file protein-v7.cif (mmCIF, C-alpha atoms, pLDDT in the B column; chains and numbers go by the auth columns)
data_query
loop_
_atom_site.group_PDB
_atom_site.id
_atom_site.type_symbol
_atom_site.label_atom_id
_atom_site.label_comp_id
_atom_site.label_asym_id
_atom_site.label_seq_id
_atom_site.Cartn_x
_atom_site.Cartn_y
_atom_site.Cartn_z
_atom_site.B_iso_or_equiv
_atom_site.auth_seq_id
_atom_site.auth_asym_id
ATOM 1 C CA MET A 1 30.139 5.152 21.173 85.00 385 N
ATOM 2 C CA THR A 2 30.023 4.588 24.934 89.00 386 N
ATOM 3 C CA LEU A 3 27.109 3.314 26.978 91.00 387 N
ATOM 4 C CA HIS A 4 27.327 3.884 30.738 92.00 388 N
ATOM 5 C CA VAL A 5 25.077 1.588 32.775 93.00 389 N
ATOM 6 C CA PRO A 6 24.571 0.857 36.476 93.00 390 N
ATOM 7 C CA PHE A 7 26.635 -2.115 37.622 94.00 391 N
ATOM 8 C CA GLU A 8 23.486 -4.125 38.362 93.00 392 N
ATOM 9 C CA GLN A 9 22.563 -3.906 34.645 94.00 393 N
ATOM 10 C CA PHE A 10 26.045 -4.451 33.233 95.00 394 N
ATOM 11 C CA SER A 11 25.873 -8.245 32.684 95.00 395 N
ATOM 12 C CA LYS A 12 22.477 -8.143 30.967 94.00 396 N
ATOM 13 C CA THR A 13 23.520 -5.156 28.844 94.00 397 N
ATOM 14 C CA VAL A 14 26.685 -6.907 27.648 93.00 398 N
ATOM 15 C CA GLU A 15 24.692 -10.068 26.924 92.00 399 N
ATOM 16 C CA SER A 16 22.102 -8.217 24.842 91.00 400 N
ATOM 17 C CA MET A 17 24.311 -5.611 23.116 90.00 401 N
ATOM 18 C CA LEU A 18 27.646 -7.351 22.505 91.00 402 N
ATOM 19 C CA GLU A 19 28.805 -10.641 21.059 86.00 403 N
ATOM 20 C CA THR A 20 31.428 -11.203 23.743 90.00 404 N
ATOM 21 C CA LYS A 21 31.696 -12.721 27.182 92.00 405 N
ATOM 22 C CA HIS A 22 35.037 -11.010 27.864 94.00 406 N
ATOM 23 C CA VAL A 23 34.827 -8.290 30.490 95.00 407 N
ATOM 24 C CA PHE A 24 37.707 -6.170 31.719 95.00 408 N
ATOM 25 C CA VAL A 25 37.904 -5.078 35.356 94.00 409 N
ATOM 26 C CA THR A 26 40.249 -2.587 36.961 90.00 410 N
ATOM 27 C CA ALA A 27 40.402 -1.045 40.426 87.00 411 N
ATOM 28 C CA ARG A 28 39.116 2.499 40.686 81.00 412 N
ATOM 29 C CA GLY A 29 39.300 4.198 44.044 69.00 413 N
ATOM 30 C CA ARG A 30 37.610 1.842 46.484 69.00 414 N
ATOM 31 C CA GLY A 31 35.541 0.264 43.709 84.00 415 N
ATOM 32 C CA ALA A 32 36.027 -0.944 40.159 90.00 416 N
ATOM 33 C CA THR A 33 35.553 0.076 36.551 92.00 417 N
ATOM 34 C CA VAL A 34 34.047 -2.647 34.368 95.00 418 N
ATOM 35 C CA THR A 35 34.194 -2.500 30.563 95.00 419 N
ATOM 36 C CA ALA A 36 33.253 -4.638 27.587 94.00 420 N
ATOM 37 C CA ALA A 37 33.477 -3.641 23.944 93.00 421 N
ATOM 38 C CA ASP A 38 33.089 -4.465 20.303 86.00 422 N
ATOM 39 C CA GLY A 39 36.307 -3.001 18.923 80.00 423 N
ATOM 40 C CA GLN A 40 35.165 -3.427 15.299 81.00 424 N
ATOM 41 C CA LYS A 41 32.041 -1.319 15.857 80.00 425 N
ATOM 42 C CA GLY A 42 33.653 1.074 18.356 83.00 426 N
ATOM 43 C CA PHE A 43 30.959 0.279 20.908 89.00 427 N
ATOM 44 C CA LEU A 44 31.897 0.349 24.590 92.00 428 N
ATOM 45 C CA VAL A 45 29.840 -0.571 27.675 94.00 429 N
ATOM 46 C CA VAL A 46 31.117 0.927 30.951 94.00 430 N
ATOM 47 C CA SER A 47 30.033 0.595 34.544 93.00 431 N
ATOM 48 C CA GLN A 48 31.329 1.765 37.895 91.00 432 N
ATOM 49 C CA ALA A 49 30.918 -0.610 40.833 91.00 433 N
ATOM 50 C CA ASP A 50 31.151 0.589 44.421 87.00 434 N
ATOM 51 C CA LEU A 51 32.352 -2.853 45.502 88.00 435 N
ATOM 52 C CA PRO A 52 35.826 -4.321 45.977 87.00 436 N
ATOM 53 C CA VAL A 53 37.322 -5.737 42.778 89.00 437 N
ATOM 54 C CA ALA A 54 37.146 -9.320 44.114 91.00 438 N
ATOM 55 C CA GLN A 55 33.383 -9.030 44.696 93.00 439 N
ATOM 56 C CA VAL A 56 32.876 -7.476 41.266 94.00 440 N
ATOM 57 C CA LYS A 57 34.762 -10.324 39.600 95.00 441 N
ATOM 58 C CA THR A 58 32.751 -12.917 41.545 95.00 442 N
ATOM 59 C CA LYS A 59 29.413 -11.358 40.528 95.00 443 N
ATOM 60 C CA LEU A 60 30.429 -11.143 36.880 96.00 444 N
ATOM 61 C CA THR A 61 31.734 -14.725 36.832 95.00 445 N
ATOM 62 C CA ARG A 62 28.427 -15.929 38.316 95.00 446 N
ATOM 63 C CA ALA A 63 26.677 -14.085 35.485 95.00 447 N
ATOM 64 C CA GLY A 64 28.634 -16.205 32.985 95.00 448 N
ATOM 65 C CA LEU A 65 31.189 -13.625 31.910 95.00 449 N
ATOM 66 C CA GLU A 66 34.927 -14.190 31.487 95.00 450 N
ATOM 67 C CA ILE A 67 36.965 -11.749 33.577 95.00 451 N
ATOM 68 C CA LEU A 68 40.217 -10.150 32.460 94.00 452 N
ATOM 69 C CA ASP A 69 42.285 -7.419 34.099 92.00 453 N
ATOM 70 C CA GLY A 70 42.286 -4.111 32.263 89.00 454 N
ATOM 71 C CA VAL A 71 40.003 -1.455 30.832 89.00 455 N
ATOM 72 C CA TRP A 72 38.680 -0.695 27.346 88.00 456 N
ATOM 73 C CA ARG A 73 39.024 2.862 26.005 80.00 457 N
ATOM 74 C CA LEU A 74 37.853 4.338 22.706 66.00 458 N
ATOM 75 C CA GLY A 75 41.116 6.176 22.228 63.00 459 N
ATOM 76 C CA ASP A 76 39.620 9.663 21.989 52.00 460 N
ATOM 77 C CA GLY A 77 40.456 10.548 25.608 50.00 461 N
ATOM 78 C CA SER A 78 36.835 11.019 26.686 45.00 462 N
ATOM 79 C CA GLU A 79 36.781 8.095 29.101 46.00 463 N
ATOM 80 C CA GLU A 80 40.125 9.107 30.563 47.00 464 N
ATOM 81 C CA GLU A 81 38.900 12.647 31.188 40.00 465 N
ATOM 82 C CA CYS A 82 35.692 11.377 32.781 46.00 466 N
ATOM 83 C CA GLU A 83 37.614 8.943 34.920 47.00 467 N
ATOM 84 C CA GLU A 84 39.749 11.759 36.300 40.00 468 N
ATOM 85 C CA ARG A 85 36.702 13.882 37.133 41.00 469 N
ATOM 86 C CA CYS A 86 34.619 11.041 38.515 54.00 470 N
ATOM 87 C CA ASP A 87 37.284 9.797 40.910 69.00 471 N
ATOM 88 C CA ALA A 88 37.559 13.046 42.850 82.00 472 N
ATOM 89 C CA PHE A 89 36.510 13.266 46.475 89.00 473 N
ATOM 90 C CA VAL A 90 35.353 16.842 47.052 95.00 474 N
ATOM 91 C CA ALA A 91 35.871 18.319 50.511 96.00 475 N
ATOM 92 C CA ALA A 92 34.293 21.541 51.735 97.00 476 N
ATOM 93 C CA VAL A 93 34.947 23.323 55.004 97.00 477 N
ATOM 94 C CA ALA A 94 32.736 26.021 56.475 97.00 478 N
ATOM 95 C CA TYR A 95 34.584 28.032 59.094 96.00 479 N
ATOM 96 C CA LYS A 96 34.202 31.059 61.308 94.00 480 N
ATOM 97 C CA SER A 97 35.993 33.964 59.658 89.00 481 N
ATOM 98 C CA ALA A 98 36.858 37.548 60.549 85.00 482 N
ATOM 99 C CA GLU A 99 34.110 38.680 58.166 88.00 483 N
ATOM 100 C CA SER A 100 30.407 38.848 59.053 91.00 484 N
ATOM 101 C CA MET A 101 29.784 35.753 56.906 93.00 485 N
ATOM 102 C CA PRO A 102 31.379 32.343 57.465 94.00 486 N
ATOM 103 C CA GLY A 103 34.174 31.299 55.160 94.00 487 N
ATOM 104 C CA VAL A 104 33.935 28.333 52.803 97.00 488 N
ATOM 105 C CA TRP A 105 36.921 26.443 51.431 97.00 489 N
ATOM 106 C CA VAL A 106 36.680 23.684 48.791 97.00 490 N
ATOM 107 C CA ASP A 107 39.311 21.209 47.590 95.00 491 N
ATOM 108 C CA ALA A 108 39.461 17.846 45.809 92.00 492 N
ATOM 109 C CA PHE A 109 41.369 14.665 46.666 89.00 493 N
ATOM 110 C CA ARG A 110 42.187 11.577 44.590 81.00 494 N
ATOM 111 C CA SER A 111 41.390 9.236 47.489 84.00 495 N
ATOM 112 C CA LEU A 112 39.062 9.482 50.467 88.00 496 N
ATOM 113 C CA PRO A 113 40.629 11.919 52.929 92.00 497 N
ATOM 114 C CA THR A 114 40.014 12.002 56.651 95.00 498 N
ATOM 115 C CA GLN A 115 38.565 15.143 58.189 96.00 499 N
ATOM 116 C CA VAL A 116 41.955 15.841 59.752 96.00 500 N
ATOM 117 C CA GLN A 117 43.662 15.606 56.343 96.00 501 N
ATOM 118 C CA VAL A 118 41.146 18.075 54.929 96.00 502 N
ATOM 119 C CA LEU A 119 41.635 20.480 57.811 97.00 503 N
ATOM 120 C CA ARG A 120 45.415 20.161 57.552 96.00 504 N
ATOM 121 C CA ALA A 121 45.253 20.975 53.819 96.00 505 N
ATOM 122 C CA LEU A 122 43.153 24.056 54.596 96.00 506 N
ATOM 123 C CA PHE A 123 45.525 25.116 57.376 96.00 507 N
ATOM 124 C CA ASP A 124 48.600 24.602 55.188 95.00 508 N
ATOM 125 C CA GLU A 125 47.086 26.559 52.290 95.00 509 N
ATOM 126 C CA PHE A 126 46.125 29.453 54.537 94.00 510 N
ATOM 127 C CA ARG A 127 49.645 29.495 56.013 92.00 511 N
ATOM 128 C CA GLU A 128 51.258 29.436 52.541 92.00 512 N
ATOM 129 C CA THR A 129 49.102 32.286 51.235 92.00 513 N
ATOM 130 C CA GLY A 130 49.572 34.411 54.350 89.00 514 N
ATOM 131 C CA GLU A 131 45.863 34.399 55.181 88.00 515 N
ATOM 132 C CA LEU A 132 46.543 32.962 58.622 87.00 516 N
ATOM 133 C CA PRO A 133 48.550 34.531 61.445 83.00 517 N
ATOM 134 C CA ASP A 134 51.188 32.516 63.240 89.00 518 N
ATOM 135 C CA VAL A 135 48.957 30.099 65.210 92.00 519 N
ATOM 136 C CA SER A 136 49.172 26.384 65.829 95.00 520 N
ATOM 137 C CA PHE A 137 46.974 23.899 63.986 96.00 521 N
ATOM 138 C CA GLU A 138 45.094 23.154 67.226 96.00 522 N
ATOM 139 C CA GLU A 139 44.478 26.856 67.895 95.00 523 N
ATOM 140 C CA PHE A 140 43.302 27.333 64.299 94.00 524 N
ATOM 141 C CA ILE A 141 40.766 24.520 64.737 95.00 525 N
ATOM 142 C CA ARG A 142 39.522 25.938 68.024 95.00 526 N
ATOM 143 C CA LEU A 143 39.113 29.476 66.673 92.00 527 N
ATOM 144 C CA SER A 144 37.668 28.620 63.262 94.00 528 N
ATOM 145 C CA GLU A 145 35.024 26.123 64.469 96.00 529 N
ATOM 146 C CA PRO A 146 35.224 24.212 61.169 97.00 530 N
ATOM 147 C CA ASN A 147 32.536 21.988 59.701 97.00 531 N
ATOM 148 C CA VAL A 148 33.910 19.463 57.179 97.00 532 N
ATOM 149 C CA VAL A 149 31.870 17.758 54.464 97.00 533 N
ATOM 150 C CA ILE A 150 33.374 15.155 52.126 95.00 534 N
ATOM 151 C CA VAL A 151 31.504 14.145 48.981 94.00 535 N
ATOM 152 C CA ALA A 152 32.454 10.797 47.415 88.00 536 N
ATOM 153 C CA PRO A 153 32.592 10.192 43.627 84.00 537 N
ATOM 154 C CA ASN A 154 29.463 8.031 43.686 80.00 538 N
ATOM 155 C CA GLN A 155 27.588 10.824 45.497 84.00 539 N
ATOM 156 C CA ILE A 156 28.744 13.337 42.890 82.00 540 N
ATOM 157 C CA GLN A 157 27.544 11.009 40.138 75.00 541 N
ATOM 158 C CA SER A 158 24.219 10.604 41.951 76.00 542 N
ATOM 159 C CA PHE A 159 23.787 14.395 42.084 79.00 543 N
ATOM 160 C CA LEU A 160 24.530 14.601 38.343 74.00 544 N
ATOM 161 C CA ASP A 161 22.135 11.741 37.548 70.00 545 N
ATOM 162 C CA LYS A 162 19.322 13.489 39.448 75.00 546 N
ATOM 163 C CA LYS A 163 19.841 16.587 37.313 72.00 547 N
ATOM 164 C CA VAL A 164 19.518 14.531 34.116 60.00 548 N
ATOM 165 C CA GLU A 165 16.373 12.787 35.391 54.00 549 N
ATOM 166 C CA GLY A 166 14.740 16.081 36.432 49.00 550 N
#
call {"tool": "encode", "arguments": {"input": "protein-v7.cif", "output": "structure tokens"}}
result
Amino acid sequence: MTLHVPFEQFSKTVESMLETKHVFVTARGRGATVTAADGQKGFLVVSQADLPVAQVKTKLTRAGLEILDGVWRLGDGSEEECEERCDAFVAAVAYKSAESMPGVWVDAFRSLPTQVQVLRALFDEFRETGELPDVSFEEFIRLSEPNVVIVAPNQIQSFLDKKVEG
């Protein structure tokens, strides 16, 4: 059984729910995953912190926890699958197309891309699929008038949390 809690509640949750002071921390994107568990009971507490690992470790140490490098998993693959989904940065590009409606292109990245990286990925895909005539990247940008939006993993999680609350 896995309990996901906000990082601000992690220390108090571990203190009240588990009989351990050992907490495992691992880097995740630009933040950290924090886990503590009772292996005998199969109970896992997980939190995602949008802070550098060093700051996370400092906060947890101040809360009286012992920090170790690593991550607990239940072994059923569920956390691993969630971790893959939750780490994605989603990029969307609206662009002027030959149709009456604007085009929209969506992709995902494992780390935070720049707008130029997103546009280059769009350009390269359109070139590979033959959807784009022989034009330069600069000309493509000028003609397509793109608008790039990048959604971070914590924003995606926030959107999902709002749906659960509502």
call {"tool": "resolve_selection", "arguments": {"input": "protein-v7.cif", "expression": "the PyMOL selection byres ((chain N and resi 402) around 12)", "output": "PyMOL selection string"}}
result
chain N and resi 387+394-401+403-407+419-429+449
call {"tool": "closest_residue", "arguments": {"input": "protein-v7.cif", "among": "N:Phe507, N:Phe493, N:Tyr479, N:Phe543", "to": "Leu527 in chain N", "atoms": "only C-alpha atoms"}}
result
N:Tyr479
call {"tool": "resolve_selection", "arguments": {"input": "protein-v7.cif", "expression": "the PyMOL selection byres ((chain N and resi 532-536) around 7)", "output": "PDB file with C-alpha atoms, in the frame of the given file"}}
result
ATOM      1  CA  PHE N 473      36.510  13.266  46.475  1.00 89.00           C
ATOM      2  CA  VAL N 474      35.353  16.842  47.052  1.00 95.00           C
ATOM      3  CA  ALA N 475      35.871  18.319  50.511  1.00 96.00           C
ATOM      4  CA  ALA N 476      34.293  21.541  51.735  1.00 97.00           C
ATOM      5  CA  VAL N 477      34.947  23.323  55.004  1.00 97.00           C
ATOM      6  CA  ALA N 478      32.736  26.021  56.475  1.00 97.00           C
ATOM      7  CA  GLN N 499      38.565  15.143  58.189  1.00 96.00           C
ATOM      8  CA  PRO N 530      35.224  24.212  61.169  1.00 97.00           C
ATOM      9  CA  ASN N 531      32.536  21.988  59.701  1.00 97.00           C
ATOM     10  CA  PRO N 537      32.592  10.192  43.627  1.00 84.00           C
ATOM     11  CA  ASN N 538      29.463   8.031  43.686  1.00 80.00           C
ATOM     12  CA  GLN N 539      27.588  10.824  45.497  1.00 84.00           C
ATOM     13  CA  ILE N 540      28.744  13.337  42.890  1.00 82.00           C
TER      14      ILE N 540
END
call {"tool": "atom_distance", "arguments": {"input": "protein-v7.cif", "atom1": "CA of Thr386 in chain N", "atom2": "CA of Asp491 in chain N"}}
result
29.6 Å
call {"tool": "residues_near_point", "arguments": {"input": "protein-v7.cif", "point": "(39.3, 0.1, 30.7)", "cutoff": "9 Å", "atoms": "only C-alpha atoms", "output": "PDB file with C-alpha atoms, in the frame of the given file"}}
result
ATOM      1  CA  PHE N 408      37.707  -6.170  31.719  1.00 95.00           C
ATOM      2  CA  VAL N 409      37.904  -5.078  35.356  1.00 94.00           C
ATOM      3  CA  THR N 410      40.249  -2.587  36.961  1.00 90.00           C
ATOM      4  CA  THR N 417      35.553   0.076  36.551  1.00 92.00           C
ATOM      5  CA  VAL N 418      34.047  -2.647  34.368  1.00 95.00           C
ATOM      6  CA  THR N 419      34.194  -2.500  30.563  1.00 95.00           C
ATOM      7  CA  ALA N 420      33.253  -4.638  27.587  1.00 94.00           C
ATOM      8  CA  VAL N 430      31.117   0.927  30.951  1.00 94.00           C
ATOM      9  CA  ASP N 453      42.285  -7.419  34.099  1.00 92.00           C
ATOM     10  CA  GLY N 454      42.286  -4.111  32.263  1.00 89.00           C
ATOM     11  CA  VAL N 455      40.003  -1.455  30.832  1.00 89.00           C
ATOM     12  CA  TRP N 456      38.680  -0.695  27.346  1.00 88.00           C
ATOM     13  CA  ARG N 457      39.024   2.862  26.005  1.00 80.00           C
ATOM     14  CA  GLU N 463      36.781   8.095  29.101  1.00 46.00           C
TER      15      GLU N 463
END
call {"tool": "atom_distance", "arguments": {"input": "protein-v7.cif", "atom1": "CA of Ser431 in chain N", "atom2": "CA of Thr498 in chain N"}}
result
26.8 Å
call {"tool": "resolve_selection", "arguments": {"input": "protein-v7.cif", "expression": "the PyMOL selection byres ((chain N and resi 390) around 9)", "output": "PyMOL selection string"}}
result
chain N and resi 388-389+391-394+430-433
call {"tool": "atom_distance", "arguments": {"input": "protein-v7.cif", "atom1": "CA of Glu515 in chain N", "atom2": "CA of Ser481 in chain N"}}
result
10.8 Å
call {"tool": "residues_around", "arguments": {"input": "protein-v7.cif", "residues": "Pro517 in chain N", "least_positions_apart": "6", "cutoff": "12 Å", "atoms": "all atoms listed in the file", "output": "VMD selection string"}}
result
chain N and resid 507 to 508 510 to 511 523 to 524 527
call {"tool": "axis_aligned_box", "arguments": {"input": "protein-v7.cif", "around": "range 392-403 of chain N", "padding_each_side": "5 Å", "output": "AutoDock Vina command-line options"}}
result
--center_x 25.5 --center_y -7.3 --center_z 29.7 --size_x 16.7 --size_y 16.7 --size_z 27.3
call {"tool": "build_atoms", "arguments": {"input": "protein-v7.cif", "residues": "range 517-528 of chain N", "atoms": "all heavy atoms", "output": "JSON list (two decimals), in the frame of the given file"}}
result
[["chain", "number", "residue", "atom", "x", "y", "z"],
["N", 517, "PRO", "N", 47.44, 34.09, 60.58],
["N", 517, "PRO", "CA", 48.55, 34.53, 61.44],
["N", 517, "PRO", "C", 49.29, 33.31, 62.01],
["N", 517, "PRO", "O", 48.87, 32.17, 61.83],
["N", 517, "PRO", "CB", 47.84, 35.32, 62.55],
["N", 517, "PRO", "CG", 46.45, 34.83, 62.56],
["N", 517, "PRO", "CD", 46.13, 34.37, 61.16],
["N", 518, "ASP", "N", 50.36, 33.58, 62.69],
["N", 518, "ASP", "CA", 51.19, 32.52, 63.24],
["N", 518, "ASP", "C", 50.49, 31.87, 64.44],
["N", 518, "ASP", "O", 50.70, 32.29, 65.59],
["N", 518, "ASP", "CB", 52.55, 33.09, 63.63],
["N", 518, "ASP", "CG", 53.54, 31.98, 63.95],
["N", 518, "ASP", "OD1", 53.33, 30.85, 63.48],
["N", 518, "ASP", "OD2", 54.52, 32.26, 64.67],
["N", 519, "VAL", "N", 49.65, 30.86, 64.15],
["N", 519, "VAL", "CA", 48.96, 30.10, 65.21],
["N", 519, "VAL", "C", 49.17, 28.62, 64.95],
["N", 519, "VAL", "O", 49.46, 28.21, 63.83],
["N", 519, "VAL", "CB", 47.43, 30.40, 65.26],
["N", 519, "VAL", "CG1", 47.16, 31.85, 65.58],
["N", 519, "VAL", "CG2", 46.75, 30.00, 63.98],
["N", 520, "SER", "N", 49.02, 27.82, 65.97],
["N", 520, "SER", "CA", 49.17, 26.38, 65.83],
["N", 520, "SER", "C", 47.93, 25.80, 65.13],
["N", 520, "SER", "O", 46.88, 26.44, 65.08],
["N", 520, "SER", "CB", 49.34, 25.72, 67.20],
["N", 520, "SER", "OG", 48.12, 25.81, 67.93],
["N", 521, "PHE", "N", 48.09, 24.60, 64.62],
["N", 521, "PHE", "CA", 46.97, 23.90, 63.99],
["N", 521, "PHE", "C", 45.82, 23.74, 64.97],
["N", 521, "PHE", "O", 44.66, 24.00, 64.64],
["N", 521, "PHE", "CB", 47.45, 22.52, 63.47],
["N", 521, "PHE", "CG", 46.37, 21.70, 62.83],
["N", 521, "PHE", "CD1", 45.80, 22.09, 61.63],
["N", 521, "PHE", "CD2", 45.93, 20.53, 63.44],
["N", 521, "PHE", "CE1", 44.80, 21.33, 61.03],
["N", 521, "PHE", "CE2", 44.94, 19.76, 62.84],
["N", 521, "PHE", "CZ", 44.38, 20.16, 61.64],
["N", 522, "GLU", "N", 46.12, 23.36, 66.21],
["N", 522, "GLU", "CA", 45.09, 23.15, 67.23],
["N", 522, "GLU", "C", 44.35, 24.45, 67.53],
["N", 522, "GLU", "O", 43.13, 24.47, 67.67],
["N", 522, "GLU", "CB", 45.71, 22.58, 68.50],
["N", 522, "GLU", "CG", 46.24, 21.17, 68.36],
["N", 522, "GLU", "CD", 47.58, 21.07, 67.61],
["N", 522, "GLU", "OE1", 48.28, 22.10, 67.45],
["N", 522, "GLU", "OE2", 47.91, 19.96, 67.17],
["N", 523, "GLU", "N", 45.09, 25.55, 67.63],
["N", 523, "GLU", "CA", 44.48, 26.86, 67.90],
["N", 523, "GLU", "C", 43.60, 27.28, 66.72],
["N", 523, "GLU", "O", 42.52, 27.83, 66.89],
["N", 523, "GLU", "CB", 45.56, 27.90, 68.18],
["N", 523, "GLU", "CG", 45.04, 29.26, 68.56],
["N", 523, "GLU", "CD", 44.40, 29.31, 69.95],
["N", 523, "GLU", "OE1", 44.39, 28.29, 70.68],
["N", 523, "GLU", "OE2", 43.89, 30.39, 70.31],
["N", 524, "PHE", "N", 44.08, 27.03, 65.50],
["N", 524, "PHE", "CA", 43.30, 27.33, 64.30],
["N", 524, "PHE", "C", 41.96, 26.59, 64.32],
["N", 524, "PHE", "O", 40.92, 27.19, 64.06],
["N", 524, "PHE", "CB", 44.10, 26.96, 63.04],
["N", 524, "PHE", "CG", 43.30, 26.97, 61.78],
["N", 524, "PHE", "CD1", 42.85, 28.17, 61.23],
["N", 524, "PHE", "CD2", 42.99, 25.79, 61.14],
["N", 524, "PHE", "CE1", 42.10, 28.18, 60.06],
["N", 524, "PHE", "CE2", 42.24, 25.78, 59.97],
["N", 524, "PHE", "CZ", 41.80, 26.99, 59.43],
["N", 525, "ILE", "N", 41.99, 25.32, 64.68],
["N", 525, "ILE", "CA", 40.77, 24.52, 64.74],
["N", 525, "ILE", "C", 39.82, 25.09, 65.79],
["N", 525, "ILE", "O", 38.61, 25.23, 65.56],
["N", 525, "ILE", "CB", 41.09, 23.03, 65.02],
["N", 525, "ILE", "CG1", 41.95, 22.43, 63.91],
["N", 525, "ILE", "CG2", 39.82, 22.22, 65.24],
["N", 525, "ILE", "CD1", 41.33, 22.51, 62.53],
["N", 526, "ARG", "N", 40.36, 25.41, 66.94],
["N", 526, "ARG", "CA", 39.52, 25.94, 68.02],
["N", 526, "ARG", "C", 38.86, 27.27, 67.62],
["N", 526, "ARG", "O", 37.67, 27.46, 67.82],
["N", 526, "ARG", "CB", 40.37, 26.12, 69.29],
["N", 526, "ARG", "CG", 39.55, 26.51, 70.52],
["N", 526, "ARG", "CD", 40.44, 26.74, 71.73],
["N", 526, "ARG", "NE", 41.26, 27.93, 71.64],
["N", 526, "ARG", "CZ", 40.80, 29.19, 71.74],
["N", 526, "ARG", "NH1", 39.54, 29.42, 71.92],
["N", 526, "ARG", "NH2", 41.64, 30.20, 71.67],
["N", 527, "LEU", "N", 39.62, 28.15, 67.02],
["N", 527, "LEU", "CA", 39.11, 29.48, 66.67],
["N", 527, "LEU", "C", 38.17, 29.47, 65.46],
["N", 527, "LEU", "O", 37.23, 30.25, 65.40],
["N", 527, "LEU", "CB", 40.28, 30.43, 66.40],
["N", 527, "LEU", "CG", 41.14, 30.78, 67.60],
["N", 527, "LEU", "CD1", 42.37, 31.57, 67.15],
["N", 527, "LEU", "CD2", 40.34, 31.57, 68.63],
["N", 528, "SER", "N", 38.45, 28.60, 64.51],
["N", 528, "SER", "CA", 37.67, 28.62, 63.26],
["N", 528, "SER", "C", 36.37, 27.81, 63.33],
["N", 528, "SER", "O", 35.50, 27.98, 62.46],
["N", 528, "SER", "CB", 38.52, 28.12, 62.09],
["N", 528, "SER", "OG", 38.86, 26.75, 62.29]]
